[in-house]
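> A single structure is presented below for examination.
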Amino acid sequence: MLLTFSNFDRSLEKNFIYESRPKLTVGVSGGPDSLALVILLNRWLIKKRGELIALIIDHRIRKESFFESIKTKNFLISKGIKSKILFVPNRKVKDGKPIQARVNRFEKLLNYCKKNNIFHLFLGHHLDDNIETFILRKIAGSNFEGLNSIQFTTVIGKIQVVRPLLFYTKKEILRFNKK
């Protein structure tokens with residue numbers, strides 16, 4: 001399916017349960033997937049008279065991460081999108097391992113949502129991520145439940161985690177970004 005504003009809107013309306021005037025957060029890494037997602041959600045929320053805040057995580061693993069966070073925030077501000085940088089405490093940055101960074105990032109995002117009574121967290125995982133997850137789990141010998149891979153929606157401690165780009169490939173997302 002081609003990633004367009006109208007296709008994204010239709011998919012969201014069909015697969016996402018939300019209140020009137022929804023308040024959403026979206027995790028933004030600064031990469032093409034999360035930037036496409038935040039642009040798509042911002043446009044959709046304007047029509048819904050909702051509220052969006054983009055959350056950028058400075059995981060403090062690389063020296064450049066702070067400057068990359070600022071650059072991403074400035075880009076979002078230029079698009080009229082409210083954003084906030086969340087910092088991972090130094091004590092949580094152990095060996096700089098990707099798995100630890102992922103856990104820290106997810107924890108920061110969920111905690112922000114809980115503290116601010118926001119019930120929807122959007123993430124930019126796409127179809128290629130889901131295929132990769134399935135293959136890795138298959139190789140590792142996952143059971144049937146584990147092979148379900150990444151779900152469109154998951155509820156974690158009263159927070160609905162939504163991944164609306166799961167219907168789109170990385171190539172389609174990049175094509176959308178170019179346009």
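Residues in the structure tokens are numbered from 1 in each chain, the chains being A, B, ... in the order shown, and ligands are numbered from 1 in the order shown.
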Neighbouring residues of Leu55 in chain A were defined as those with any atom within 12 Å, considering only C-alpha atoms; residues of the same chain fewer than 4 positions away were excluded. Please report them as a ChimeraX atom specification.
/A:24-30,34-35,38,69-70,72-73,76,81-87,105-106,108-113,121-123
> Within 7 Å of Gln160 in chain A, counting only C-alpha atoms, which residues qualify if same-chain residues fewer than 5 places away don't, as a PyMOL selection string?
chain A and resi 119-121+153-155
> Please dump the current selection as a PDB file, in the first residue's frame; keep N, CA and C atoms.

```pdb
ATOM      1  N   PHE A 119      -2.560   8.517  27.100  1.00  0.00           N
ATOM      2  CA  PHE A 119      -2.843   7.093  26.984  1.00  0.00           C
ATOM      3  C   PHE A 119      -2.397   6.462  25.670  1.00  0.00           C
ATOM      4  N   HIS A 120      -1.796   7.253  24.775  1.00  0.00           N
ATOM      5  CA  HIS A 120      -1.405   6.731  23.466  1.00  0.00           C
ATOM      6  C   HIS A 120       0.040   7.114  23.155  1.00  0.00           C
ATOM      7  N   LEU A 121       0.855   6.102  22.903  1.00  0.00           N
ATOM      8  CA  LEU A 121       2.245   6.291  22.510  1.00  0.00           C
ATOM      9  C   LEU A 121       2.432   5.669  21.131  1.00  0.00           C
ATOM     10  N   THR A 153      -1.322  -2.574  17.851  1.00  0.00           N
ATOM     11  CA  THR A 153      -1.531  -1.969  19.165  1.00  0.00           C
ATOM     12  C   THR A 153      -1.188  -2.987  20.253  1.00  0.00           C
ATOM     13  N   THR A 154      -0.620  -2.470  21.311  1.00  0.00           N
ATOM     14  CA  THR A 154      -0.298  -3.254  22.499  1.00  0.00           C
ATOM     15  C   THR A 154      -0.599  -2.355  23.687  1.00  0.00           C
ATOM     16  N   VAL A 155      -1.158  -2.915  24.730  1.00  0.00           N
ATOM     17  CA  VAL A 155      -1.413  -2.130  25.941  1.00  0.00           C
ATOM     18  C   VAL A 155      -0.398  -2.550  26.995  1.00  0.00           C
TER      19      VAL A 155
END
```
> Could you tell me which of A:Asp58, A:Glu19, A:Glu68, A:Asn7 comes closest to Arg102 in chain A if we count only C-alpha atoms?
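Comparing A:Asp58, A:Glu19, A:Glu68, A:Asn7 against Arg102 in chain A, the winner is A:Asp58.
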> Of the residues A:Lys114, A:Arg175, A:Arg60, A:Lys23, which is the one nearest to Leu45 in chain A, using only C-alpha atoms?
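Residue with the minimum atom-to-atom distance to Leu45 in chain A: A:Lys23.
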> Which one of A:Lys179, A:Leu40, A:Gly31, A:Ile61 sits closest to Pro89 in chain A if you count only C-alpha atoms?
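For Pro89 in chain A, the nearest of the given residues is A:Ile61.
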> Per DSSP on the backbone, what are the strand (DSSP E or B) residues of chain A, as a list in words?
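Of chain A, the ones in strand (DSSP E or B) are Lys23, Leu24, Thr25, Val26, Gly27, Glu51, Leu52, Ile53, Ala54, Leu55, Ile56, Ile57, Asp58, Ser83, Lys84, Ile85, Leu86, Phe87, His120, Leu121, Phe122, Thr153, Thr154, Val155, Ile156, Ile159, Gln160, Val161 and Val162 of chain A.
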> Counting only C-alpha atoms, figure out which residue out of A:Ile156, A:Ile53, A:Leu166, A:Val103 gets nearest to Asn116 in chain A.
A:Ile53
> Can you tell me how far CA of Arg43 in chain A sits from CA of Arg21 in chain A, in Å to one decimal?
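If I compute the distance from CA of Arg43 in chain A to CA of Arg21 in chain A, I get 13.3 Å.
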> So which residues touch Leu2 in chain A within 9 Å, counting only C-alpha atoms, skipping near sequence neighbours fewer than 2 positions away, as a JSON list (two decimals) with N, CA and C atoms, in the first residue's frame?

```
[["chain", "number", "residue", "atom", "x", "y", "z"],
["A", 4, "THR", "N", 0.41, 7.53, 1.90],
["A", 4, "THR", "CA", -0.06, 8.88, 1.62],
["A", 4, "THR", "C", -0.82, 9.36, 2.86],
["A", 7, "ASN", "N", -4.25, 7.48, 2.87],
["A", 7, "ASN", "CA", -4.16, 6.06, 3.24],
["A", 7, "ASN", "C", -3.83, 5.90, 4.73],
["A", 168, "TYR", "N", 3.40, -0.51, 6.09],
["A", 168, "TYR", "CA", 4.22, 0.13, 5.05],
["A", 168, "TYR", "C", 5.67, -0.34, 5.14],
["A", 172, "GLU", "N", 8.55, 2.51, 1.08],
["A", 172, "GLU", "CA", 7.37, 3.37, 0.95],
["A", 172, "GLU", "C", 7.47, 4.60, 1.85],
["A", 173, "ILE", "N", 8.04, 4.41, 3.04],
["A", 173, "ILE", "CA", 8.22, 5.53, 3.96],
["A", 173, "ILE", "C", 9.21, 6.54, 3.39],
["A", 175, "ARG", "N", 9.87, 7.03, 0.25],
["A", 175, "ARG", "CA", 9.18, 7.67, -0.89],
["A", 175, "ARG", "C", 8.27, 8.78, -0.39],
["A", 176, "PHE", "N", 7.54, 8.51, 0.70],
["A", 176, "PHE", "CA", 6.67, 9.53, 1.31],
["A", 176, "PHE", "C", 7.49, 10.74, 1.75]]
```
> Considering only C-alpha atoms, return as a list in words whatever protein or nucleic-acid residues lie within 7 Å of Leu174 in chain A, sequence-local ones (same chain, fewer than 4 positions apart) excluded.
Pro32, Lys170 and Lys178 of chain A
> Please dump the current selection as an mmCIF file, in the first residue's frame; keep C-alpha atoms.

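Wrote it out as result_23.cif, contents follow:
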```
data_model
loop_
_atom_site.group_PDB
_atom_site.id
_atom_site.type_symbol
_atom_site.label_atom_id
_atom_site.label_comp_id
_atom_site.auth_asym_id
_atom_site.auth_seq_id
_atom_site.Cartn_x
_atom_site.Cartn_y
_atom_site.Cartn_z
ATOM 1 C CA PRO A 32 13.034 8.750 8.424
ATOM 2 C CA LYS A 170 10.813 1.251 4.586
ATOM 3 C CA LYS A 178 10.840 12.603 -0.481
#
```
> Could you check how far CA of Phe8 in chain A sits from CA of Thr169 in chain A, in Å to one decimal?
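Here the two named atoms are 13.1 Å from each other.
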